[in-house]
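Novice: So that we are looking at the same thing, I have put the structure below in structure tokens.
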Amino acid sequence: MKLGAQPLVAIRGLSVAYHGGNNAALTNIDLDIRPGERLAIIGESGSGKSTLALAIASLLPASAKISGAVEWPALPGPPLGGRDFGFVFQDSSASLDPVMPIGKQIAEVIRTHLRLGWPQAYSRAQDLLARVRLPHPEAVLHAYPHQFSGGQRQRAAIAAAIAAAPRLLIADEATSALDTLVQADIVRLVRRLVAEDGMTLLFVSHDIALASQLADRIAVFRHGEMVELGDAAQVARQPRHAYTRALLAAHISLDTEPLLKRPALGNANA
Amino acid sequence: MSRPRRFASAPEAVAGALILAVLLAMALCAPLLFPGDPQAIAGPALLPPFQDRALPLGTDRLGRDVLAELFHGAQTSLAVGLAAAAASLAIGTVVGTLAGFAGGLVDEMLMRLTDAFQTVPGFLLALAFVSVVGPSLAVVVAAIALSAWTGPARIARAEVLSIRERDYVANARVVGMHPLEIAFREILPNALPPVLALSSIIVAGAILTEAALSFLGLGDPNRVTWGGMIAEGRTVLRSAPFLSIVPGFALVFTVLGVYLAGEGAVETAAIRRGLS
Amino acid sequence: MRKPLLTASGLTKHFRRRHETIAAVDDVSFHIDPCETLALAGPSGSGKSTVARLLLRLIEPDAGTIRFDGEDFLALQGAALRARRKKLQMVFQDPLAAFNPRATVARVLDDPLRIHGIAPRAERPHRIGTLLERVGLSPDLHRRAIHEISGGQRQRVAIARAIASKPSLIVLDEALSALDVSVRGKIIELLLDLQREEKIAYLFISHDLGVVRSIAHRVAILDGGRIAEQGDARQVIDAPQSAIGRALVAAVPALSPIT
């Protein structure tokens with residue numbers, strides 16, 4: 001990370017309210033996304049974390065009232081989905097068209113943004129499917145999303161998101177619908193892809209432990225406000241804000257003292 | 001947003017509601033504004049409209065007041081339309097819910113029955129039924145419902161099949177609810193909205209079918225109907241076209257109003273779900 | 001040695017998909033003692049939810065037996081089964097989907113009271129108030145619609161509904177997964193309280209091994225429809241013997257950042 005380099009995305013005074021202003025989802029957010037970093041946005045429901053991701057991707061509904069700015073200093077104009085950033089949703093059926101073969105969807109992204117012909121686009125698509133470790137990528141090209149499991153669909157969605165080599169990958173609760181084994185796989189995959197391609201990663205989650213594994217910096221959101229921002233190690237070990245401390249205290253890990261008070265082991269029949 | 005305000009924000013809903021309000025007013029005020037028998041002679045025959053203050057729309061071949069007939073005809077059309085729609089929705093929903101919920105042999109039998117009724121063209125079935133049983137308002141309503149129930153039945157069944165798999169139905173079974181209670185208290189009310197969306201089409205179709213039956217002389221002979229009026233005007237179409245055009249316009253107006261109001265209701269439901 | 005409350009032996013369920021038959025649950029046997037929590041853990045597709053649905057008779061097994069409270073549970077049908085359901089209840093993962101979209105809190109709690117004759121009609125509103133207080137909610141909540149209250153409140157209502165008929169066993173199918181972390185702790189406290197005071201056993205289905213280790217007495221780890229490992233919860237999770245057990249434990253995100 002170069003100190004003093006301009007941010008990839010500069011968010012200044014961003015406020016978002018849904019339903020024509022009645023429902024404040026974000027209040028006055030100032031945040032820089034530095035090039036090459038992995039930034040995690042942590043919060044519970046109603047914190048505004050998904051709203052922030054959608055705002056950066058210009059995916060907010062038309063009825064939302066937005067004030068403040070989301071700027072991309074390195075770009076000459078407004079950002080373009082696919083070319084400048086890729087988005088992976090929690091539900092893969094939001095990322096992937098259910099009636100189009102997977103290969104065609106990825107190839108379409110490549111064709112649109114890299115201006116290649118169909119044969120080259122398909123060939124690149126197959127390479128991407130191999131990179132995300134989907135078995136038999138040549139068969140996956142012609143298969144439909146419903147033929148795969150949740151974890152496999154999410155891998156395909158990630159392939160589609162990075163197909164045109166965007167600078168920023170936004171993952172909005174991308175592993176929340178997956179079980180722990182698949183989640184660990186996807187986290188490893190994302191870490192590898194981001195490192196290989198030099199992408200910036202914006203990772204939205206409710207799981208602070210997951211964030212601490214993947215992120216360089218963590219931003220904690222609560223009721224539409226950013227209450228803490230810092231290095232992942234510092235936020236996870238020595239949080240400054242009471243809310244972050246409460247979140248960490250509520251997290252049940254494998255080391256936490258069990259809540260079930262039982263008689264000494266040896267009495268129970270196994 | 002409250003439901004009336006949502007409804008008011010969709011222009012087609014407002015237009016439809018206004019039209020229906022006018023028609024309802026016509027139907028309700030008919031006996032007040034035009035007391036007595038609308039089929040009684042009111043003036044000279046074939047008086048053109050806008051000539052006589054007391055007979056604004058003129059008279060027909062027998063000298064009956066066209067405006068009075070129009071208002072009384074509104075009663076028949078709306079009554080038949082609403083009654084036929086209610087009957088077909090009720091029958092169709094019950095059949096569809098039973099089929100979807102019971103599954104297996106019951107489902108098969110009920111669906112084959114639905115197929116049978118659906119393959120016969122609705123109007124011909126109504127025609128045959130009225131011809132055999134005899135023309136009266138109740139028979140006309142039954143005749144229309146006889147074929148219109150199949151649409152709601154299919155939609156209700158499709159909804160039930162999907163709702164059946166939802167968690168709250170499983171929850172009801174876990175709590176120990178009796179299957180019939182589950183079908184009619186948990187599932188049916190939630191299966192209704194798409195079925196009700198059909199209602200405006202059924203009402204419109206019923207009104208037109210009734211008009212067609214009356215046109216062919218199979219409507220209730222004791223009542224004034226717009227179809228009957230059009231039939232009456234057929235013989236003097238060249239010399240007094242207004243006799244057929246006026247009730248024809250009324251029909252178009254009514255069907256349009258029903259359709260727009262129905263669309264408005266669908267829009268309102270969509271707004272509530274945040275789809276627009 | 002206490003007699004088990006529920007004993008499942010050799011449960012098997014196949015699903016047919018086009019040309020292949022998949023064994024969703026394959027020869028699964030376990031028991032649950034009164035007042036204890038048995039957790040079912042495993043990756044998605046391992047059969048945990050299928051086992052739950054088999055136990056609750058939402059689907060029928062192809063083979064195997066279930067003895068509940070001393071009788072052959074699978075032999076019950078119709079009205080006899082519905083009556084026995086009083087003792088065996090469930091809390092679902094998604095508290096919004098678990099209720100009729102048109103329901104109110106009062107109606108949801110009235111159903112089990114009415115169906116199992118727990119209280120005569122005049123007494124039911126009072127009972128509903130008591131149930132709401134028992135799960136930490138205000139009795140005034142009874143007139144609210146289910147979709148109006150928060151996720152945490154909804155899950156408390158679901159628990160209130162489950163305990164209304166005084167069951168001896170409640171199946172919790174990922175009942176905490178949809179809740180915020182800060183709400184989860186309080187719901188766990190409530191469940192443990194209820195277990196102690198009302199003497200309820202739990203079958204706790206979860207993929208979160210941290211929570212399993214924290215609140216379960218014993219755990220059975222499923223993989224591909226079979227039980228790979230079962231035993232004391234803390235022992236199994238601290239030192240898993242099976243490959244899938246080790247993989248699941250390793251996959252739990254730890255709170256230490258990796259640079």
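Ordering of the structure tokens sets the chain letters (A, B, ...); residue numbers start at 1 within each chain; ligands are numbered from 1 in the order shown.
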What's around B:Arg64 at 9 Å? Count only C-alpha atoms, leave out sequence neighbours fewer than 5 positions away in its own chain, and write the answer as a ChimeraX atom specification.
Specialist: /B:38-46,58-59,69
Novice: For a quick test of understanding: name the residues of chain C lying within 12 Å of chain B when counting only C-alpha atoms, and present them as a tab-separated table (two decimals) with N, CA and C atoms, in the first residue's frame.
Specialist:
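Listing of selection18.tsv after writing:
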chain	number	residue	atom	x	y	z
C	52	ALA	N	-34.38	-34.02	11.01
C	52	ALA	CA	-35.37	-33.25	11.78
C	52	ALA	C	-36.77	-33.49	11.23
C	53	ARG	N	-36.91	-33.43	9.92
C	53	ARG	CA	-38.22	-33.62	9.32
C	53	ARG	C	-38.73	-35.03	9.51
C	54	LEU	N	-37.84	-36.00	9.54
C	54	LEU	CA	-38.26	-37.38	9.81
C	54	LEU	C	-38.78	-37.50	11.23
C	55	LEU	N	-38.06	-36.91	12.18
C	55	LEU	CA	-38.47	-36.99	13.58
C	55	LEU	C	-39.83	-36.35	13.79
C	56	LEU	N	-40.08	-35.27	13.08
C	56	LEU	CA	-41.35	-34.57	13.25
C	56	LEU	C	-42.44	-35.13	12.37
C	57	ARG	N	-42.14	-36.24	11.68
C	57	ARG	CA	-43.13	-36.89	10.83
C	57	ARG	C	-43.64	-35.95	9.72
C	58	LEU	N	-42.80	-35.01	9.30
C	58	LEU	CA	-43.18	-34.20	8.14
C	58	LEU	C	-42.94	-35.00	6.86
C	59	ILE	N	-41.96	-35.91	6.92
C	59	ILE	CA	-41.77	-36.89	5.85
C	59	ILE	C	-41.61	-38.25	6.52
C	77	GLN	N	-50.89	-42.46	13.69
C	77	GLN	CA	-51.44	-41.82	12.49
C	77	GLN	C	-52.57	-40.88	12.91
C	78	GLY	N	-52.92	-40.01	11.99
C	78	GLY	CA	-54.15	-39.21	12.13
C	78	GLY	C	-54.27	-38.49	13.46
C	79	ALA	N	-55.43	-38.66	14.09
C	79	ALA	CA	-55.71	-37.91	15.31
C	79	ALA	C	-54.76	-38.29	16.44
C	80	ALA	N	-54.37	-39.58	16.53
C	80	ALA	CA	-53.45	-40.00	17.59
C	80	ALA	C	-52.10	-39.30	17.44
C	81	LEU	N	-51.63	-39.20	16.20
C	81	LEU	CA	-50.36	-38.52	15.95
C	81	LEU	C	-50.47	-37.05	16.31
C	82	ARG	N	-51.56	-36.44	15.88
C	82	ARG	CA	-51.72	-35.01	16.14
C	82	ARG	C	-51.75	-34.74	17.65
C	83	ALA	N	-52.36	-35.66	18.39
C	83	ALA	CA	-52.40	-35.48	19.84
C	83	ALA	C	-51.02	-35.61	20.44
C	84	ARG	N	-50.22	-36.55	19.94
C	84	ARG	CA	-48.90	-36.76	20.51
C	84	ARG	C	-47.96	-35.61	20.18
C	85	ARG	N	-48.28	-34.84	19.14
C	85	ARG	CA	-47.41	-33.73	18.74
C	85	ARG	C	-47.26	-32.69	19.84
C	86	LYS	N	-48.16	-32.75	20.80
C	86	LYS	CA	-48.08	-31.86	21.95
C	86	LYS	C	-46.68	-31.90	22.57
C	87	LYS	N	-46.09	-33.10	22.56
C	87	LYS	CA	-44.86	-33.32	23.30
C	87	LYS	C	-43.61	-33.05	22.48
C	88	LEU	N	-43.79	-32.80	21.18
C	88	LEU	CA	-42.63	-32.71	20.30
C	88	LEU	C	-42.83	-31.52	19.39
C	89	GLN	N	-42.09	-30.45	19.60
C	89	GLN	CA	-42.30	-29.22	18.85
C	89	GLN	C	-41.04	-28.78	18.12
C	90	MET	N	-41.19	-27.70	17.32
C	90	MET	CA	-40.05	-27.28	16.49
C	90	MET	C	-39.96	-25.77	16.40
C	91	VAL	N	-38.75	-25.25	16.32
C	91	VAL	CA	-38.53	-23.83	16.04
C	91	VAL	C	-37.71	-23.76	14.75
C	92	PHE	N	-38.20	-22.98	13.79
C	92	PHE	CA	-37.61	-22.95	12.46
C	92	PHE	C	-36.51	-21.90	12.35
C	93	GLN	N	-35.76	-21.99	11.25
C	93	GLN	CA	-34.64	-21.08	11.07
C	93	GLN	C	-35.09	-19.66	10.79
C	94	ASP	N	-36.04	-19.51	9.86
C	94	ASP	CA	-36.44	-18.18	9.44
C	94	ASP	C	-37.74	-17.82	10.13
C	95	PRO	N	-37.68	-16.99	11.16
C	95	PRO	CA	-38.90	-16.73	11.91
C	95	PRO	C	-39.97	-16.01	11.11
C	96	LEU	N	-39.58	-15.37	10.02
C	96	LEU	CA	-40.59	-14.71	9.21
C	96	LEU	C	-41.35	-15.74	8.37
C	97	ALA	N	-40.62	-16.66	7.77
C	97	ALA	CA	-41.26	-17.67	6.93
C	97	ALA	C	-42.01	-18.71	7.75
C	98	ALA	N	-41.70	-18.79	9.06
C	98	ALA	CA	-42.30	-19.85	9.88
C	98	ALA	C	-43.73	-19.54	10.27
C	99	PHE	N	-44.18	-18.33	9.98
C	99	PHE	CA	-45.54	-17.95	10.36
C	99	PHE	C	-46.35	-17.51	9.17
C	100	ASN	N	-47.65	-17.75	9.23
C	100	ASN	CA	-48.59	-17.26	8.24
C	100	ASN	C	-48.42	-15.74	8.10
C	101	PRO	N	-48.22	-15.25	6.87
C	101	PRO	CA	-47.97	-13.82	6.70
C	101	PRO	C	-49.08	-12.94	7.29
C	102	ARG	N	-50.27	-13.50	7.44
C	102	ARG	CA	-51.36	-12.69	7.99
C	102	ARG	C	-51.55	-12.85	9.49
C	103	ALA	N	-50.65	-13.59	10.14
C	103	ALA	CA	-50.91	-13.94	11.54
C	103	ALA	C	-50.56	-12.79	12.48
C	107	ARG	N	-52.75	-14.92	17.63
C	107	ARG	CA	-53.28	-16.10	16.95
C	107	ARG	C	-52.25	-17.23	16.95
C	108	VAL	N	-51.00	-16.85	16.72
C	108	VAL	CA	-49.93	-17.84	16.68
C	108	VAL	C	-49.84	-18.60	17.99
C	109	LEU	N	-50.01	-17.88	19.12
C	109	LEU	CA	-49.92	-18.54	20.42
C	109	LEU	C	-51.23	-19.23	20.80
C	110	ASP	N	-52.33	-18.77	20.21
C	110	ASP	CA	-53.62	-19.37	20.52
C	110	ASP	C	-53.73	-20.76	19.92
C	111	ASP	N	-53.13	-20.96	18.74
C	111	ASP	CA	-53.27	-22.23	18.02
C	111	ASP	C	-52.93	-23.44	18.88
C	112	PRO	N	-51.71	-23.53	19.45
C	112	PRO	CA	-51.42	-24.75	20.23
C	112	PRO	C	-52.31	-24.88	21.46
C	113	LEU	N	-52.67	-23.75	22.10
C	113	LEU	CA	-53.53	-23.81	23.28
C	113	LEU	C	-54.89	-24.38	22.92
C	114	ARG	N	-55.37	-23.97	21.73
C	114	ARG	CA	-56.69	-24.41	21.31
C	114	ARG	C	-56.66	-25.86	20.86
C	115	ILE	N	-55.67	-26.18	20.01
C	115	ILE	CA	-55.64	-27.51	19.39
C	115	ILE	C	-55.44	-28.60	20.43
C	116	HIS	N	-54.61	-28.35	21.43
C	116	HIS	CA	-54.35	-29.39	22.41
C	116	HIS	C	-55.14	-29.21	23.69
C	117	GLY	N	-56.12	-28.30	23.65
C	117	GLY	CA	-57.00	-28.13	24.80
C	117	GLY	C	-56.27	-27.77	26.07
C	158	ALA	N	-41.73	-17.56	18.50
C	158	ALA	CA	-41.67	-18.95	18.03
C	158	ALA	C	-41.37	-19.89	19.18
C	161	ARG	N	-44.46	-20.26	21.30
C	161	ARG	CA	-45.40	-21.18	20.67
C	161	ARG	C	-44.96	-22.62	20.90
C	162	ALA	N	-43.65	-22.84	20.83
C	162	ALA	CA	-43.17	-24.21	20.98
C	162	ALA	C	-43.37	-24.72	22.41
C	163	ILE	N	-43.25	-23.84	23.42
C	163	ILE	CA	-43.38	-24.33	24.79
C	163	ILE	C	-44.83	-24.31	25.28
C	164	ALA	N	-45.74	-23.74	24.46
C	164	ALA	CA	-47.12	-23.58	24.91
C	164	ALA	C	-47.77	-24.91	25.29
C	165	SER	N	-47.44	-25.97	24.57
C	165	SER	CA	-48.08	-27.25	24.85
C	165	SER	C	-47.26	-28.10	25.83
C	166	LYS	N	-46.28	-27.48	26.49
C	166	LYS	CA	-45.43	-28.17	27.47
C	166	LYS	C	-44.77	-29.42	26.87
C	167	PRO	N	-43.96	-29.22	25.83
C	167	PRO	CA	-43.35	-30.37	25.18
C	167	PRO	C	-42.20	-30.94	26.01
C	170	ILE	N	-37.88	-30.25	21.95
C	170	ILE	CA	-38.04	-29.23	20.92
C	170	ILE	C	-36.88	-29.36	19.93
C	171	VAL	N	-37.23	-29.41	18.64
C	171	VAL	CA	-36.21	-29.43	17.60
C	171	VAL	C	-35.92	-27.99	17.18
C	173	ASP	N	-34.13	-26.04	14.47
C	173	ASP	CA	-33.48	-26.23	13.18
C	173	ASP	C	-32.81	-24.93	12.75
Novice: Taking only C-alpha atoms into account, report as a PDB file with C-alpha atoms, in the first residue's frame which residues of chain A lie within 9 Å of chain C.
Specialist:
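Listing of selection.pdb after writing:
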ATOM      1  CA  GLU A  44     -25.752  -6.248  12.174  1.00  0.00           C
ATOM      2  CA  SER A  45     -29.088  -5.953  10.408  1.00  0.00           C
ATOM      3  CA  LEU A 178     -23.157 -21.075   2.813  1.00  0.00           C
ATOM      4  CA  ASP A 179     -22.169 -23.632   5.449  1.00  0.00           C
ATOM      5  CA  THR A 180     -18.841 -23.258   7.296  1.00  0.00           C
ATOM      6  CA  LEU A 181     -16.884 -25.673   5.100  1.00  0.00           C
ATOM      7  CA  VAL A 182     -17.906 -24.013   1.855  1.00  0.00           C
ATOM      8  CA  GLN A 183     -17.496 -20.596   3.428  1.00  0.00           C
ATOM      9  CA  ALA A 184     -13.883 -21.379   4.321  1.00  0.00           C
ATOM     10  CA  ASP A 185     -13.267 -22.538   0.740  1.00  0.00           C
ATOM     11  CA  HIS A 206     -22.030  -9.686   9.904  1.00  0.00           C
ATOM     12  CA  ASP A 207     -19.293 -12.068  11.064  1.00  0.00           C
ATOM     13  CA  ILE A 208     -16.445 -10.194  12.702  1.00  0.00           C
ATOM     14  CA  ALA A 209     -14.297 -13.297  12.976  1.00  0.00           C
ATOM     15  CA  LEU A 210     -14.579 -13.924   9.251  1.00  0.00           C
ATOM     16  CA  ALA A 211     -13.672 -10.304   8.589  1.00  0.00           C
ATOM     17  CA  SER A 212     -10.633 -10.492  10.827  1.00  0.00           C
ATOM     18  CA  GLN A 213      -9.400 -13.438   8.747  1.00  0.00           C
ATOM     19  CA  LEU A 214      -9.722 -11.753   5.400  1.00  0.00           C
ATOM     20  CA  ALA A 215      -9.338  -8.025   5.892  1.00  0.00           C
ATOM     21  CA  ASP A 216      -6.520  -5.494   6.312  1.00  0.00           C
ATOM     22  CA  ALA A 232      -8.014  -5.530  11.424  1.00  0.00           C
ATOM     23  CA  ALA A 233      -5.620  -6.630  14.164  1.00  0.00           C
ATOM     24  CA  ALA A 236     -10.251  -7.417  16.636  1.00  0.00           C
ATOM     25  CA  ARG A 237      -7.979  -7.241  19.666  1.00  0.00           C
ATOM     26  CA  ALA A 246     -20.027  -5.701  22.590  1.00  0.00           C
ATOM     27  CA  LEU A 247     -19.946  -7.437  19.200  1.00  0.00           C
ATOM     28  CA  LEU A 248     -16.727  -9.200  20.071  1.00  0.00           C
ATOM     29  CA  ALA A 249     -18.050 -10.205  23.485  1.00  0.00           C
ATOM     30  CA  ALA A 250     -21.170 -11.684  21.888  1.00  0.00           C
ATOM     31  CA  HIS A 251     -19.155 -13.748  19.420  1.00  0.00           C
ATOM     32  CA  ILE A 252     -19.031 -17.402  20.419  1.00  0.00           C
ATOM     33  CA  SER A 253     -15.839 -19.072  19.275  1.00  0.00           C
ATOM     34  CA  LEU A 254     -14.344 -22.476  19.947  1.00  0.00           C
ATOM     35  CA  ASP A 255     -12.442 -21.035  22.900  1.00  0.00           C
ATOM     36  CA  THR A 256     -15.378 -19.320  24.558  1.00  0.00           C
ATOM     37  CA  GLU A 257     -16.341 -20.687  27.956  1.00  0.00           C
ATOM     38  CA  PRO A 258     -19.451 -22.821  27.336  1.00  0.00           C
ATOM     39  CA  LEU A 259     -22.762 -21.307  28.440  1.00  0.00           C
ATOM     40  CA  LEU A 260     -24.067 -24.719  29.450  1.00  0.00           C
ATOM     41  CA  LYS A 261     -23.136 -25.361  33.062  1.00  0.00           C
ATOM     42  CA  ARG A 262     -22.861 -29.095  33.495  1.00  0.00           C
ATOM     43  CA  LEU A 265     -17.507 -35.094  32.738  1.00  0.00           C
ATOM     44  CA  ALA A 268     -22.771 -38.341  31.413  1.00  0.00           C
ATOM     45  CA  ASN A 269     -23.156 -41.483  29.332  1.00  0.00           C
ATOM     46  CA  ALA A 270     -21.575 -40.950  25.950  1.00  0.00           C
TER      47      ALA A 270
END
Novice: Quick one: which residues from chain A are at most 10 Å off chain B, using only C-alpha atoms, as an mmCIF file with C-alpha atoms, in the first residue's frame?
Specialist:
data_model
loop_
_atom_site.group_PDB
_atom_site.id
_atom_site.type_symbol
_atom_site.label_atom_id
_atom_site.label_comp_id
_atom_site.auth_asym_id
_atom_site.auth_seq_id
_atom_site.Cartn_x
_atom_site.Cartn_y
_atom_site.Cartn_z
ATOM 1 C CA HIS A 19 -38.738 5.269 0.512
ATOM 2 C CA PRO A 61 -33.353 1.880 -6.077
ATOM 3 C CA ALA A 62 -34.553 4.989 -7.857
ATOM 4 C CA SER A 63 -36.733 5.965 -4.922
#
Novice: Compile the contact shell of C:His142 as a PDB file with N, CA and C atoms, in the first residue's frame: residues with an atom at most 12 Å away, counting only C-alpha atoms, same-chain residues fewer than 3 positions apart removed.
Specialist:
ATOM      1  N   ALA C 103     -50.649 -13.590  10.139  1.00  0.00           N
ATOM      2  CA  ALA C 103     -50.906 -13.936  11.535  1.00  0.00           C
ATOM      3  C   ALA C 103     -50.564 -12.794  12.477  1.00  0.00           C
ATOM      4  N   THR C 104     -51.239 -12.799  13.607  1.00  0.00           N
ATOM      5  CA  THR C 104     -50.834 -11.929  14.703  1.00  0.00           C
ATOM      6  C   THR C 104     -50.196 -12.802  15.770  1.00  0.00           C
ATOM      7  N   VAL C 105     -49.482 -12.161  16.689  1.00  0.00           N
ATOM      8  CA  VAL C 105     -48.831 -12.899  17.776  1.00  0.00           C
ATOM      9  C   VAL C 105     -49.873 -13.679  18.568  1.00  0.00           C
ATOM     10  N   ALA C 106     -51.013 -13.048  18.825  1.00  0.00           N
ATOM     11  CA  ALA C 106     -52.047 -13.713  19.613  1.00  0.00           C
ATOM     12  C   ALA C 106     -52.518 -14.990  18.944  1.00  0.00           C
ATOM     13  N   ARG C 107     -52.751 -14.920  17.629  1.00  0.00           N
ATOM     14  CA  ARG C 107     -53.279 -16.101  16.951  1.00  0.00           C
ATOM     15  C   ARG C 107     -52.253 -17.233  16.948  1.00  0.00           C
ATOM     16  N   VAL C 108     -51.001 -16.851  16.717  1.00  0.00           N
ATOM     17  CA  VAL C 108     -49.933 -17.838  16.676  1.00  0.00           C
ATOM     18  C   VAL C 108     -49.838 -18.598  17.994  1.00  0.00           C
ATOM     19  N   LEU C 109     -50.014 -17.884  19.121  1.00  0.00           N
ATOM     20  CA  LEU C 109     -49.924 -18.542  20.423  1.00  0.00           C
ATOM     21  C   LEU C 109     -51.226 -19.231  20.796  1.00  0.00           C
ATOM     22  N   ASP C 110     -52.325 -18.768  20.211  1.00  0.00           N
ATOM     23  CA  ASP C 110     -53.618 -19.373  20.519  1.00  0.00           C
ATOM     24  C   ASP C 110     -53.734 -20.765  19.921  1.00  0.00           C
ATOM     25  N   ARG C 124     -57.590 -18.391  27.688  1.00  0.00           N
ATOM     26  CA  ARG C 124     -56.458 -18.347  26.760  1.00  0.00           C
ATOM     27  C   ARG C 124     -55.750 -17.007  26.701  1.00  0.00           C
ATOM     28  N   PRO C 125     -56.454 -15.880  26.641  1.00  0.00           N
ATOM     29  CA  PRO C 125     -55.719 -14.602  26.577  1.00  0.00           C
ATOM     30  C   PRO C 125     -54.749 -14.442  27.747  1.00  0.00           C
ATOM     31  N   HIS C 126     -55.169 -14.895  28.914  1.00  0.00           N
ATOM     32  CA  HIS C 126     -54.284 -14.797  30.072  1.00  0.00           C
ATOM     33  C   HIS C 126     -53.055 -15.674  29.884  1.00  0.00           C
ATOM     34  N   ARG C 127     -53.295 -16.902  29.372  1.00  0.00           N
ATOM     35  CA  ARG C 127     -52.177 -17.812  29.121  1.00  0.00           C
ATOM     36  C   ARG C 127     -51.196 -17.226  28.127  1.00  0.00           C
ATOM     37  N   ILE C 128     -51.752 -16.589  27.086  1.00  0.00           N
ATOM     38  CA  ILE C 128     -50.896 -15.995  26.054  1.00  0.00           C
ATOM     39  C   ILE C 128     -50.009 -14.931  26.679  1.00  0.00           C
ATOM     40  N   GLY C 129     -50.590 -14.122  27.553  1.00  0.00           N
ATOM     41  CA  GLY C 129     -49.796 -13.108  28.242  1.00  0.00           C
ATOM     42  C   GLY C 129     -48.686 -13.743  29.063  1.00  0.00           C
ATOM     43  N   THR C 130     -49.020 -14.815  29.770  1.00  0.00           N
ATOM     44  CA  THR C 130     -48.008 -15.507  30.587  1.00  0.00           C
ATOM     45  C   THR C 130     -46.885 -16.053  29.722  1.00  0.00           C
ATOM     46  N   LEU C 131     -47.263 -16.662  28.585  1.00  0.00           N
ATOM     47  CA  LEU C 131     -46.251 -17.212  27.687  1.00  0.00           C
ATOM     48  C   LEU C 131     -45.321 -16.118  27.179  1.00  0.00           C
ATOM     49  N   LEU C 132     -45.894 -14.976  26.800  1.00  0.00           N
ATOM     50  CA  LEU C 132     -45.060 -13.899  26.282  1.00  0.00           C
ATOM     51  C   LEU C 132     -44.082 -13.420  27.347  1.00  0.00           C
ATOM     52  N   GLU C 133     -44.552 -13.320  28.578  1.00  0.00           N
ATOM     53  CA  GLU C 133     -43.657 -12.888  29.658  1.00  0.00           C
ATOM     54  C   GLU C 133     -42.566 -13.916  29.904  1.00  0.00           C
ATOM     55  N   LEU C 137     -41.004 -11.164  26.674  1.00  0.00           N
ATOM     56  CA  LEU C 137     -41.689 -10.153  25.863  1.00  0.00           C
ATOM     57  C   LEU C 137     -42.841  -9.555  26.651  1.00  0.00           C
ATOM     58  N   SER C 138     -43.231  -8.336  26.257  1.00  0.00           N
ATOM     59  CA  SER C 138     -44.356  -7.712  26.932  1.00  0.00           C
ATOM     60  C   SER C 138     -45.662  -8.349  26.457  1.00  0.00           C
ATOM     61  N   PRO C 139     -46.613  -8.578  27.377  1.00  0.00           N
ATOM     62  CA  PRO C 139     -47.900  -9.165  26.963  1.00  0.00           C
ATOM     63  C   PRO C 139     -48.647  -8.301  25.949  1.00  0.00           C
ATOM     64  N   ALA C 145     -48.888  -7.661  14.508  1.00  0.00           N
ATOM     65  CA  ALA C 145     -48.754  -8.632  13.426  1.00  0.00           C
ATOM     66  C   ALA C 145     -47.328  -9.173  13.421  1.00  0.00           C
ATOM     67  N   ILE C 146     -47.194 -10.404  12.996  1.00  0.00           N
ATOM     68  CA  ILE C 146     -45.891 -11.069  13.015  1.00  0.00           C
ATOM     69  C   ILE C 146     -44.840 -10.301  12.225  1.00  0.00           C
ATOM     70  N   GLU C 148     -44.541  -7.238  11.841  1.00  0.00           N
ATOM     71  CA  GLU C 148     -44.239  -5.913  12.380  1.00  0.00           C
ATOM     72  C   GLU C 148     -43.139  -5.942  13.430  1.00  0.00           C
ATOM     73  N   ILE C 149     -42.935  -7.083  14.068  1.00  0.00           N
ATOM     74  CA  ILE C 149     -41.987  -7.111  15.178  1.00  0.00           C
ATOM     75  C   ILE C 149     -40.602  -7.491  14.674  1.00  0.00           C
ATOM     76  N   GLN C 153     -37.556 -10.663  18.389  1.00  0.00           N
ATOM     77  CA  GLN C 153     -38.859 -10.833  19.039  1.00  0.00           C
ATOM     78  C   GLN C 153     -39.637 -11.982  18.394  1.00  0.00           C
ATOM     79  N   ARG C 154     -39.519 -12.072  17.070  1.00  0.00           N
ATOM     80  CA  ARG C 154     -40.226 -13.124  16.354  1.00  0.00           C
ATOM     81  C   ARG C 154     -39.754 -14.502  16.807  1.00  0.00           C
ATOM     82  N   VAL C 157     -41.224 -15.339  20.036  1.00  0.00           N
ATOM     83  CA  VAL C 157     -42.623 -15.774  19.873  1.00  0.00           C
ATOM     84  C   VAL C 157     -42.649 -17.220  19.404  1.00  0.00           C
ATOM     85  N   ALA C 160     -42.067 -19.267  22.331  1.00  0.00           N
ATOM     86  CA  ALA C 160     -43.270 -19.279  23.173  1.00  0.00           C
ATOM     87  C   ALA C 160     -44.290 -20.263  22.625  1.00  0.00           C
TER      88      ALA C 160
END
Novice: Counting only C-alpha atoms, what is within 8 Å of A:Pro101, bar same-chain residues fewer than 4 positions away, as a PyMOL selection string?
Specialist: chain A and resi 105+141-145
Novice: The selected residues should be written to file as a short mmCIF file (atom, residue, chain, number, x, y, z; two decimals), in the first residue's frame (atoms: C-alpha atoms).
Specialist:
data_model
loop_
_atom_site.label_atom_id
_atom_site.label_comp_id
_atom_site.auth_asym_id
_atom_site.auth_seq_id
_atom_site.Cartn_x
_atom_site.Cartn_y
_atom_site.Cartn_z
CA GLN A 105 -22.93 -15.01 -18.88
CA LEU A 141 -19.62 -23.43 -19.73
CA HIS A 142 -22.83 -24.89 -21.11
CA ALA A 143 -24.55 -25.74 -17.84
CA TYR A 144 -27.21 -23.74 -16.02
CA PRO A 145 -26.93 -22.31 -12.49
#
